[in-house]
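One structure is given below, encoded as structure tokens.
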Amino acid sequence: MTLVEASAALEKQFGKGILKKTEFRGEITLLLDADSTRPALAFAKDSLGFDFLTDISSVDNFGDEPRFEVVYELYSLTDKIHLRIKRTVSEDALSVPTISDLWATADWHEREIYDMMGIKFDNHPDLRRILMWDGYPFYPLRKDFPLAGRPSEMPDIAFTKTAPLAGGPFVTAPSTATSKDREPRSKEIQ
């Protein structure tokens with residue numbers, strides 16, 4: 001199957017649910033409405049052979065409504081084609097259905113989007129923060145989050161002293177020796 005054929009099959013199955021189709025440099029992006037997104041993703045996996053979910057990301061279109069987009073990057077390992085499916089999410093209704101039951105890899109992608117943007121995934125098996133600590137009240141990848149950060153109640157346990165430079169994979173002493181011999185950790189192995 002080609003990408004054009006896969007796109008045509010989705011258009012035939014979900015015609016009214018496809019709000020916009022964009023073709024650019026050999027890639028096709030379909031913007032779907034909220035009701036068609038999950039069924040279209042399931043159809044793409046089960047009927048069109050998109051067996052690999054490469055990524056899920058989100059976009060903050062601060063100042064526009066709907067403010068957010070969730071972007072699904074699909075790939076067919078058999079046909080070697082890539083398809084992008086998008087949906088918008090209003091700031092008033094910050095939740096979308098999970099697809100972690102379709103692709104197991106969606107689990108952590110959805111947790112990261114929740115943690116960084118605040119978009120919830122309904123029926124997710126373990127929707128909790130993955131990068132920020134529990135109880136952190138902000139979403140750092142939103143465009144209205146200040147670049148300098150915000151004060152927090154986090155104790156200074158992790159920041160009591162400067163981290164040492166020795167021992168990192170890119171920190172070595174200048175020398176004519178090979179990289180393996182200059183690497184500080186290699187001395188500990190011997």
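Order determines the names: the first chain of the structure tokens is A, the second B, and so forth; residues in each chain are numbered 1 upward, and ligands are numbered 1 upward as they are shown.
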message: If DSSP is run on the backbone, what residues of segment 62-143 of chain A are strand (DSSP E)? A reply as a PyMOL selection string would be ideal.
response: chain A and resi 68-76+81-89+95-97+120-122
Would you mind listing, for every residue of segment 78-100 of chain A within 6 Å of segment 25-35 of chain A, the two atoms forming the shortest contact and the distance between them in Å to one decimal, using only C-alpha atoms, sorted by chain and ascending residue number, as CSV?
```
residue,atom,partner,partner_atom,distance
A:Leu83,CA,A:Ile28,CA,6.0
A:Arg84,CA,A:Thr29,CA,4.7
A:Ile85,CA,A:Leu30,CA,4.9
A:Lys86,CA,A:Leu31,CA,4.6
A:Arg87,CA,A:Leu32,CA,5.3
```
message: At a cut-off of 12 Å, using only C-alpha atoms, what residues contact Ser90 of chain A? Leave out same-chain residues fewer than 4 positions from it and give the result as a ChimeraX atom specification.
response: /A:33-34,59-70,94-96,118-120
Dump N, CA, C and O atoms for the selected residues as a short mmCIF file (atom, residue, chain, number, x, y, z; two decimals), in the first residue's frame?
```
data_model
loop_
_atom_site.label_atom_id
_atom_site.label_comp_id
_atom_site.auth_asym_id
_atom_site.auth_seq_id
_atom_site.Cartn_x
_atom_site.Cartn_y
_atom_site.Cartn_z
N ASP A 33 -11.59 15.45 13.36
CA ASP A 33 -12.38 15.97 14.47
C ASP A 33 -12.26 15.05 15.67
O ASP A 33 -11.73 13.93 15.58
N ALA A 34 -12.75 15.49 16.81
CA ALA A 34 -12.58 14.75 18.06
C ALA A 34 -13.21 13.37 18.03
O ALA A 34 -12.64 12.40 18.53
N VAL A 59 1.11 20.40 20.58
CA VAL A 59 1.47 21.75 20.16
C VAL A 59 0.58 22.73 20.92
O VAL A 59 -0.62 22.52 21.01
N ASP A 60 1.18 23.78 21.44
CA ASP A 60 0.45 24.84 22.10
C ASP A 60 0.36 26.03 21.15
O ASP A 60 1.35 26.70 20.88
N ASN A 61 -0.84 26.26 20.61
CA ASN A 61 -1.07 27.41 19.74
C ASN A 61 -1.66 28.54 20.58
O ASN A 61 -2.80 28.96 20.40
N PHE A 62 -0.85 29.02 21.51
CA PHE A 62 -1.27 30.03 22.47
C PHE A 62 -1.87 31.24 21.75
O PHE A 62 -1.28 31.78 20.82
N GLY A 63 -3.05 31.64 22.18
CA GLY A 63 -3.73 32.77 21.55
C GLY A 63 -4.79 32.34 20.55
O GLY A 63 -5.63 33.14 20.16
N ASP A 64 -4.76 31.08 20.11
CA ASP A 64 -5.76 30.55 19.19
C ASP A 64 -6.72 29.65 19.96
O ASP A 64 -6.40 29.16 21.03
N GLU A 65 -7.87 29.43 19.40
CA GLU A 65 -8.82 28.47 19.97
C GLU A 65 -9.32 27.60 18.83
O GLU A 65 -9.77 28.13 17.83
N PRO A 66 -9.21 26.32 18.92
CA PRO A 66 -8.70 25.54 20.03
C PRO A 66 -7.19 25.73 20.18
O PRO A 66 -6.46 25.87 19.21
N ARG A 67 -6.76 25.75 21.43
CA ARG A 67 -5.38 26.10 21.75
C ARG A 67 -4.38 24.99 21.42
O ARG A 67 -3.27 25.26 20.97
N PHE A 68 -4.74 23.75 21.68
CA PHE A 68 -3.77 22.66 21.59
C PHE A 68 -4.05 21.74 20.41
O PHE A 68 -5.18 21.63 19.93
N GLU A 69 -2.99 21.05 19.98
CA GLU A 69 -3.09 19.97 19.01
C GLU A 69 -2.36 18.76 19.58
O GLU A 69 -1.34 18.91 20.25
N VAL A 70 -2.89 17.58 19.32
CA VAL A 70 -2.19 16.34 19.63
C VAL A 70 -1.85 15.73 18.27
O VAL A 70 -2.71 15.63 17.40
N LEU A 94 -9.73 19.71 28.22
CA LEU A 94 -8.37 19.21 28.04
C LEU A 94 -8.27 17.71 28.26
O LEU A 94 -7.53 17.25 29.12
N SER A 95 -8.98 16.95 27.45
CA SER A 95 -8.83 15.51 27.53
C SER A 95 -9.13 14.88 26.18
O SER A 95 -9.95 15.38 25.42
N VAL A 96 -8.42 13.80 25.91
CA VAL A 96 -8.60 13.02 24.69
C VAL A 96 -8.57 11.54 25.09
O VAL A 96 -8.01 11.19 26.13
N GLY A 118 -0.49 19.32 30.20
CA GLY A 118 -1.73 19.27 30.96
C GLY A 118 -2.90 18.66 30.23
O GLY A 118 -4.04 18.74 30.70
N ILE A 119 -2.67 18.03 29.08
CA ILE A 119 -3.74 17.35 28.35
C ILE A 119 -3.91 15.96 28.95
O ILE A 119 -2.95 15.18 29.01
N LYS A 120 -5.11 15.64 29.39
CA LYS A 120 -5.37 14.34 30.02
C LYS A 120 -5.80 13.33 28.96
O LYS A 120 -6.39 13.69 27.95
#
```
- request: Do a neighbour search on Ile81 of chain A at 10 Å with only C-alpha atoms, toss out local chain neighbours closer than 5 positions, and write the hits as an NGL selection string.
  value: :A and (1-4 or 6 or 27 or 49-50 or 74-76)
Give me a file of those residues, with C-alpha atoms, as an mmCIF file, in the first residue's frame.
```
data_model
loop_
_atom_site.group_PDB
_atom_site.id
_atom_site.type_symbol
_atom_site.label_atom_id
_atom_site.label_comp_id
_atom_site.auth_asym_id
_atom_site.auth_seq_id
_atom_site.Cartn_x
_atom_site.Cartn_y
_atom_site.Cartn_z
ATOM 1 C CA MET A 1 0.000 0.000 0.000
ATOM 2 C CA THR A 2 1.184 3.513 -0.763
ATOM 3 C CA LEU A 3 0.689 6.568 1.399
ATOM 4 C CA VAL A 4 -1.805 7.979 -1.115
ATOM 5 C CA ALA A 6 -3.787 4.746 2.835
ATOM 6 C CA GLU A 27 4.123 13.622 3.602
ATOM 7 C CA GLY A 49 -1.059 -1.829 8.572
ATOM 8 C CA PHE A 50 0.287 1.144 10.518
ATOM 9 C CA LEU A 74 2.273 6.467 12.433
ATOM 10 C CA TYR A 75 4.530 4.184 10.400
ATOM 11 C CA SER A 76 3.958 0.965 8.492
#
```
task: Quick one: pull the distance between atom CA of Ala44 of chain A and atom CA of Thr105 of chain A, Å, one decimal.
output: 16.0 Å
Using only C-alpha atoms: which of A:Ile56, A:Leu48, A:Pro140, A:Leu41 has the shortest distance to His109 of chain A: A:Ile56
query: Of the candidates A:Ser7, A:Ser58, A:Asn123, A:Asp46, which shows the shortest atom-to-atom distance to Thr22 of chain A, using only C-alpha atoms?
result: A:Ser7
- prompt: What is the atom CA of Leu10 of chain A-atom CA of Lys45 of chain A distance in Å, reported with one decimal?
  reply: 11.3 Å
- request: Using DSSP on the backbone coordinates, identify the residues of segment 30-128 of chain A assigned to helix (DSSP H, G or I); present them as a list in words.
  value: Ala34, Asp35, Ser36, Thr37, Arg38, Pro39, Ala40, Leu41, Ala42, Phe43, Ala44, Lys45, Asp46, Ala106, Asp107, Trp108, His109, Glu110, Arg111, Glu112, Ile113, Tyr114, Asp115, Met116 and Met117 of chain A
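Note that the spacing between atom CA of Ala106 of chain A and atom CA of Phe14 of chain A amounts to 22.5 Å.
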message: Under the rule that only C-alpha atoms are counted, which of A:Arg142, A:Glu110, A:Thr37, A:Phe43 is the nearest residue to Gln13 of chain A?
response: A:Phe43
